[in-house]
file run.cif (mmCIF, C-alpha atoms)
data_coords
#
loop_
_atom_site.label_atom_id
_atom_site.label_comp_id
_atom_site.auth_asym_id
_atom_site.auth_seq_id
_atom_site.Cartn_x
_atom_site.Cartn_y
_atom_site.Cartn_z
CA MET A 1 118.90 100.62 99.90
CA ALA A 2 120.45 103.96 100.85
CA TYR A 3 117.10 105.75 100.65
CA VAL A 4 115.43 103.24 102.96
CA LEU A 5 118.26 103.71 105.46
CA GLY A 6 117.83 107.49 105.37
CA ILE A 7 120.94 108.14 103.29
CA CYS A 8 120.76 110.37 100.22
CA PRO A 9 120.74 107.96 97.24
CA GLN A 10 122.74 110.37 95.10
CA LEU A 11 125.40 110.61 97.78
CA ALA A 12 125.51 106.82 97.97
CA LEU A 13 126.04 106.59 94.22
CA ILE A 14 128.99 108.96 94.18
CA SER A 15 130.59 107.81 97.44
CA PRO A 16 132.59 104.61 97.11
CA GLU A 17 132.54 104.34 100.91
CA LEU A 18 128.77 103.80 100.89
CA LYS A 19 128.55 100.39 99.29
CA ALA A 20 126.04 97.86 100.59
CA GLU A 21 128.70 96.02 102.57
CA GLU A 22 129.79 99.18 104.36
CA MET A 23 126.19 100.18 105.10
CA VAL A 24 125.61 96.75 106.66
CA GLU A 25 128.75 97.11 108.79
CA LEU A 26 127.55 100.53 110.00
CA LEU A 27 124.16 99.06 110.87
CA LYS A 28 125.78 96.19 112.76
CA VAL A 29 127.88 98.56 114.84
CA GLY A 30 125.01 100.96 115.47
CA SER A 31 122.32 98.40 116.24
CA GLY A 32 124.19 95.36 117.54
CA TRP A 33 122.38 93.23 114.94
CA GLU A 34 125.34 90.94 114.27
CA GLU A 35 123.50 88.44 112.04
CA LEU A 36 122.57 91.16 109.52
CA SER A 37 123.99 90.59 106.03
CA VAL A 38 123.78 92.32 102.67
CA SER A 39 121.36 89.68 101.38
CA ARG A 40 119.12 90.05 104.45
CA LEU A 41 119.12 93.84 104.12
CA GLU A 42 118.24 93.53 100.42
CA GLU A 43 115.31 91.26 101.37
CA ILE A 44 114.09 93.84 103.88
CA VAL A 45 114.36 96.66 101.34
CA GLN A 46 112.56 94.64 98.65
CA SER A 47 109.79 93.79 101.10
CA MET A 48 109.37 97.47 101.95
CA ILE A 49 109.18 98.40 98.26
CA VAL A 50 106.59 95.69 97.58
CA SER A 51 104.50 96.86 100.54
CA SER A 52 104.72 100.45 99.39
CA LEU A 53 103.67 99.59 95.83
CA LYS A 54 100.74 97.47 97.06
CA SER A 55 99.51 100.25 99.34
CA LYS A 56 99.34 102.61 96.35
CA GLU A 57 97.29 100.26 94.13
CA GLY A 58 93.85 101.54 93.30
CA LYS A 59 94.57 105.07 94.37
CA GLU A 60 94.40 108.09 92.10
CA ASP A 61 97.29 108.81 89.81
CA ILE A 62 99.44 111.85 90.37
CA HIS A 63 98.13 114.93 88.56
CA GLN A 64 99.92 115.07 85.19
CA PRO A 65 101.68 118.46 85.67
CA LEU A 66 103.19 117.17 88.93
CA LYS A 67 104.36 113.89 87.42
CA PRO A 68 108.09 113.82 86.59
CA GLU A 69 109.26 112.65 83.19
CA GLY A 70 109.40 108.86 82.98
CA PHE A 71 107.40 108.28 86.17
CA ASP A 72 104.96 105.77 84.68
CA GLU A 73 107.72 103.73 83.04
CA ALA A 74 109.80 103.64 86.23
CA LEU A 75 106.79 102.63 88.33
CA THR A 76 105.87 99.87 85.88
CA LYS A 77 109.45 98.51 85.98
CA LEU A 78 109.41 98.55 89.79
CA LYS A 79 106.11 96.67 89.88
CA GLU A 80 107.42 94.07 87.42
CA ARG A 81 110.65 93.61 89.33
CA PHE A 82 109.09 93.15 92.75
CA ALA A 83 105.84 91.39 91.75
#
call {"tool": "encode", "arguments": {"input": "run.cif", "output": "structure tokens"}}
result
Amino acid sequence: MAYVLGICPQLALISPELKAEEMVELLKVGSGWEELSVSRLEEIVQSMIVSSLKSKEGKEDIHQPLKPEGFDEALTKLKERFA
């Protein structure tokens, strides 16, 4: 969620102030979108991830030396989760 909002995910993990509820409150104040909720934001983020994964289907894999350790496993888990 943090990454999609332009917030460093590592910073979000180590900062107790950056929980989903607080991010939603910041978005409400900044955008005036009062009906936004954590569940709605999670739906938006999941939709973006699904769209991103679908747009990559059928394209070439990343060249092996550039692929980080565990990339294939993480991508497979993401596809399973959001399929």
call {"tool": "resolve_selection", "arguments": {"input": "run.cif", "expression": "the PyMOL selection byres ((chain A and resi 21) around 12)", "output": "PyMOL selection string"}}
result
chain A and resi 1-2+16-20+22-28+36-42
call {"tool": "write_last_selection", "arguments": {"input": "run.cif", "atoms": "C-alpha atoms", "output": "tab-separated table (two decimals), in the coordinates of the input"}}
result
chain	number	residue	atom	x	y	z
A	1	MET	CA	118.90	100.62	99.90
A	2	ALA	CA	120.45	103.96	100.85
A	16	PRO	CA	132.59	104.61	97.11
A	17	GLU	CA	132.54	104.34	100.91
A	18	LEU	CA	128.77	103.80	100.89
A	19	LYS	CA	128.55	100.39	99.29
A	20	ALA	CA	126.04	97.86	100.59
A	22	GLU	CA	129.79	99.18	104.36
A	23	MET	CA	126.19	100.18	105.10
A	24	VAL	CA	125.61	96.75	106.66
A	25	GLU	CA	128.75	97.11	108.79
A	26	LEU	CA	127.55	100.53	110.00
A	27	LEU	CA	124.16	99.06	110.87
A	28	LYS	CA	125.78	96.19	112.76
A	36	LEU	CA	122.57	91.16	109.52
A	37	SER	CA	123.99	90.59	106.03
A	38	VAL	CA	123.78	92.32	102.67
A	39	SER	CA	121.36	89.68	101.38
A	40	ARG	CA	119.12	90.05	104.45
A	41	LEU	CA	119.12	93.84	104.12
A	42	GLU	CA	118.24	93.53	100.42
call {"tool": "atom_distance", "arguments": {"input": "run.cif", "atom1": "CA of Leu53 in chain A", "atom2": "CA of Leu13 in chain A"}}
result
23.5 Å
call {"tool": "atom_distance", "arguments": {"input": "run.cif", "atom1": "CA of Leu11 in chain A", "atom2": "CA of Val45 in chain A"}}
result
18.1 Å
call {"tool": "atom_distance", "arguments": {"input": "run.cif", "atom1": "CA of Lys79 in chain A", "atom2": "CA of Ser52 in chain A"}}
result
10.3 Å
call {"tool": "closest_residue", "arguments": {"input": "run.cif", "among": "A:Lys54, A:Leu78, A:Met48, A:Phe71", "to": "Val4 in chain A", "atoms": "all atoms listed in the file"}}
result
A:Met48
call {"tool": "residues_around", "arguments": {"input": "run.cif", "residues": "Glu80 in chain A", "least_positions_apart": "4", "cutoff": "12 Å", "atoms": "all atoms listed in the file", "output": "count of residues only"}}
result
7
